[in-house]
Amino acid sequence: MKQKLVVIGAGMASGRVLEHLRERAPDQYDITLFNAEPRGNYNRIMLSPVLSGEKTYEEIVTHDDDWYAQNEITCRFGEHVVGIDRDSRTVTGENGEVSYDKLLIATGSAPFIIPVPGKDLPGVIAYRDLDDTNAMVEASARGGKAVVIGGGLLGLEAAAGLALRGMDVTVLHLMGHLMERQLDEAAGYLLKKDLEKRGIAVMTKAATKAILGEDRVEAVLLEDGTVLDADLVVMAVGIRPETRLANDAHLDVARGIEVNAQMMTSDPDVLAVGECVELDGQLFGLVAPLYDQAKVVAATLTGEEASFVPKELSTKLKVTGCDLFSAGDFAEGEGREDVVFRDPSRGVYKRLVIEGDRLVGAVMYGDTADSNWFFGLIKDGTDISDMRETLIFGPAYQGGGQSDPLSAVAALPPEAEICGCNGICKGQIVQAIEGGATDLGAVKATTKASASCGTCTGLVEQLLQVTLGDGFEMPSAQPVCGCTDLSHEDVRRLIKSQELKSQEAVWQELGWKTVNGCHTCRPAVNFYLLADWPLDYTDDPQSRFVNERNHANIQKDGTYSVMPRMWGGMTTPQELVAIAQAAEKYGATVKVTGGQRIDLLGVHKEDLPAIWADLNKAGMVSGHAYTKGLRTVKTCVGSDWCRFGTQDSTGLGIKLEKRLWGSWTPHKVKLGVSGCPRNCAEATCKDIGIVCVDSGYQIGVGGAAGMDVKEVERLVDVPTEEEAIEWTVAFVQLYRENAKYLDRAYKWLAKVGLDWVQDVLADPEERAALVARFDLSQSVYQTDPWAERARPDVAKSFQPLADFTLEAAE
Amino acid sequence: MTWTDIGAVTDVPLRGARLVKTHAGCIAVFRTAEDEVFAASNACPHKQGPLSEGIVHGQKVTCPLHNWVFDLNTGEAQGADEGRIAVYPVRIEAGRILLEISALQNRSAA
């Protein structure tokens with residue numbers, strides 16, 4: 001007597017079960033197959049090519065009507081199952097019940113719909129089955145704009161398909177980089193770049209607030225207020241196991257339907273397979289483990305012994321031209337080591353994660369030819385200790401191979417600007433070299449490249465090396481750190497000419513040798529990016545030294561000093577009262593500084609937000625005594641009080657401080673303004689020192705009174721206060737745009753020469769442009785960091801994460 | 001083993017750290033760019049610099065006072081510096097950070 005098997009769901013997993021079952025025991029079961037979709041099994045993975053038009057539905061059908069007929073399977077397609085009764089062993093469909101001896105639940109997964117207003121509007125589509133795909137194809141025929149919510153595997157395939165069908169596509173992704181579960185930041189960056197090249201806009205860290213529209217979708221509103229027009233919205237944020245039937249039948253359900261290694265649920269007569277199951281806390285979304293499960297289900301149903309063991313998984317994106325691969329575990333675990341290889345010229349990124357003598361994870365972008373070899377090493381747990389040194393070059397290079405330190409320069413297009421002063425491109429320089437200019441002097445003489453400020457010298461030398469090969473002996477330039485072979489000047493120049501606007505872009509395009517830099521290069525790169533791209537790049541506190549991250553100076557005992565700004569060294573009784581009260585309240589030591597302000601020492605980190613709030617209340621803001629930025633503007637009392645004063649030096653000092661505060665610079669910047677040549681404000685040993693005289697203002701630059709003592713050199717004499725301010729701001733911006741990180745102004749001047757600076761600033765247009773760029777940057781960065789961090793939600797981060805000393809005391 | 005929930009993974013900034021106070025001294029809990037967490041003594045063996053305030057790069061941290069670099073897996077100082085910080089078992093479960101605190105309790109009891 002045949003047993004009765006009922007299968008709920010005709011997907012890829014249950015389809016494979018049926019094949020195995022008919023092969024193993026063709027006559028053991030009478031089979032009834034329910035499917036909510038009005039069709040049988042098709043290859044769901046291939047929906048993306050159907051969407052993009054590269055395949056038709058007919059081509060992806062795996063089991064057609066003939067197959068079901070030949071295998072004597074009773075199909076109830078397009079019929080929803082309403083309930084399972086385990087006591088009477090029946091399954092009830094919309095058209096009646098059927099009894100079973102064994103039941104297989106293969107309900108798959110349901111798309112996760114984010115609960116925002118407008119989610120039910122016509123024109124909002126999830127991407128799960130053929131009907132969704134057809135709906136998208138139909139919508140795309142009308143053209144217009146599509147917004148895809150979700151930058152995972154599914155969302156990106158949908159985006160690529162819609163773009164191929166001629167829609168204007170924007171992908172919104174909540175996380176910092178695309179496909180964050182499969183890719184690391186570096187590969188995510190390259191993927192974004194490739195998608196953007198094919199016209200797909202990508203917005204990361206984009207949280208959807210609402211979907212707008214009257215009768216159908218019209219736009220998507222983001223949390224930050226951005227509104228994106230949309231004729232079609234595809235929701236592809238994720239899937240969750242479809243467990244409603246199992247739940248109603250009181251089977252054990254966690255996130256998915258819980259099964260054992262034999263794929264049995266908590267009821268031994270009920271099995272489950274596919275995306276709806278959970279085994280040992282793990283869910284399954286890719287096809288390989290589902291096929292493994294199907295084998296086990298068939299074995300269990302025919303009374304054979306088999307166990308499902310989850311294996312390592314690999315991911316590939318089915319978007320033509322985006323070559324990426326990820327496998328194994330690169331996101332968690334201890335005791336692991338990274339091997340990174342980047343080839344900027346080919347857009348290649350490879351990262352291997354090694355634990356002990358085994359390869360445990362791999363991420364590749366741009367060149368995935370060897371991915372199966374690496375995947376094999378991961379799956380088999382091969383001992384790789386013998387090939388560790390050359391492993392990353394793949395199976396063909398087990399004899400050696402070397403990354404090329406010059407590849408970043410070699411990769412530049414001919415029109416990339418090398419010398420910013422004279423506007424000389426790579427192509428012109430290469431042409432000159434090929435024309436016989438075979439050393440730096442000759443290149444300077446024929447093209448003027450590197451003949452002005454000289455910061456591009458390193459790049460010109462690398463071009464000589466790339467073009468001439470062994471015919472040119474490279475002088476050894478000082479690289480930034482062990483993470484790169486490029487010098488600070490090279491990195492700055494390349495960030496500008498290649499328009500690199502994120503840390504990931506720098507790491508990849510300049511061939512960084514580490515995953516995310518180190519304590520030497522990361523603060524420098526962070527500064528270069530924010531100085532050159534104030535609107536595109538967001539300052540990264542985690543790439544800053546402790547003082548700049550906590551906005552206070554750490555002292556040797558781990559406490560901090562707090563110093564409010566005193567504009568031009570002027571204060572009021574009210575401010576002094578507030579400072580005195582704060583000092584008492586937080587037990588601070590009070591010190592008068594050389595910069596004409598008051599320092600409160602010995603404040604604990606936990607108290608910083610509170611003391612800042614108190615000082616804010618009295619109208620004071622951060623004095624930035626901890627930054628590579630504007631520190632103080634020291635002044636004398638000038639013509640207001642002094643009988644020798646020639647100009648309002650205090651007033652000018654305050655104006656300068658109000659204009660410059662909050663700006664980040666390569667190193668600290670201190671100013672002084674003296675009201676007469678007696679120079680009581682000691683202006684002539686500041687980074688910028690202004691000495692007032694009867695006829696106007698003498699502006700000196702490049703002074704110092706620290707490890708080195710230097711007198712300023714005269715930049716210019718100007719007759720009016722306005723011009724004094726304009727020249728000062730322009731000088732600061734020129735320094736911000738060109739100096740090496742941690743070079744004080746005098747060190748930078750020694751490299752580029754005062755003459756060059758004077759030449760640049762003498763041009764009124766250039767000066768105005770520098771001032772405009774400075775003001776643009778200030779529109780982002782001139783905010784009081786104390787006020788921002790005194791807010792209760794941010795202030796929390798200054799407290800310990802947990803405190804077990806308190807618990808024990810209770 | 002006493003695994004104790006000390007907070008959400010997202011309470012610790014990416015490539016950053018937070019402090020946990022115990023009777024046996026302060027512990028720094030680090031989160032790397034890849035969302036891994038590590039726990040180690042907060043005090044640098046050199047001059048007791050607070051490592052939770054250091055720059056986190058790869059699976060390493062640099063002390064903010066004098067740039068000693070430690071591997072967060074082993075606690076070993078890197079390069080020419082010699083020294084070691086204690087490391088503690090820590091793991092992520094469902095978005096929460098679990099710290100194994102029995103070692104710390106024992107030390108405080110002793």
# chains A, B, ... in the order shown; residues from 1 in each chain; ligands from 1
>>> interface_residues(of="chain A", to="chain B", cutoff="7 Å", atoms="only C-alpha atoms", output="list in words")
Ala331, Glu332, Glu334, Gly335, Val515, Asn516, Gly517, Cys518, His519, Gln542, Ser543, Phe545, Val546, Gly558, Pro800, Leu801, Ala802, Asp803, Phe804 and Thr805 of chain A
>>> select_by_dssp(residues="range 528-575 of chain A", states="helix (DSSP H, G or I)", output="list in words")
Tyr528, Leu529, Leu530, Ala531, Asp532, Pro541, Gln542, Ser543, Val546, Asn547, Glu548, Arg549, Asn550, Trp567, Gly568, Gly569, Pro573, Gln574 and Glu575 of chain A
>>> residues_around(residues="Leu174 in chain A", least_positions_apart="3", cutoff="6 Å", atoms="only C-alpha atoms", output="list in words")
Thr204, Lys205, Ala206 and Ala207 of chain A
>>> write_last_selection(atoms="N, CA and C atoms", output="compact mmCIF listing (two decimals), in the first residue's frame")
# COMPACT_ATOMS: atom_id res chain seq x y z
N THR A 204 24.41 55.19 0.06
CA THR A 204 24.56 54.37 1.26
C THR A 204 24.16 55.21 2.47
N LYS A 205 24.05 54.53 3.62
CA LYS A 205 23.56 55.17 4.85
C LYS A 205 22.26 55.93 4.59
N ALA A 206 21.42 55.38 3.70
CA ALA A 206 20.18 56.05 3.34
C ALA A 206 19.01 55.32 3.98
N ALA A 207 18.35 55.95 4.94
CA ALA A 207 17.22 55.32 5.62
C ALA A 207 15.92 55.86 5.06
>>> residues_around(residues="range 769-781 of chain A", least_positions_apart="6", cutoff="12 Å", atoms="only C-alpha atoms", output="MDAnalysis selection string")
chainID A and resid 529:539 629:630 658:665 723 725:738 760:763
>>> atom_distance(atom1="CA of Phe393 in chain A", atom2="CA of Val460 in chain A")
29.4 Å
>>> atom_distance(atom1="CA of Cys419 in chain A", atom2="CA of Arg714 in chain A")
26.5 Å
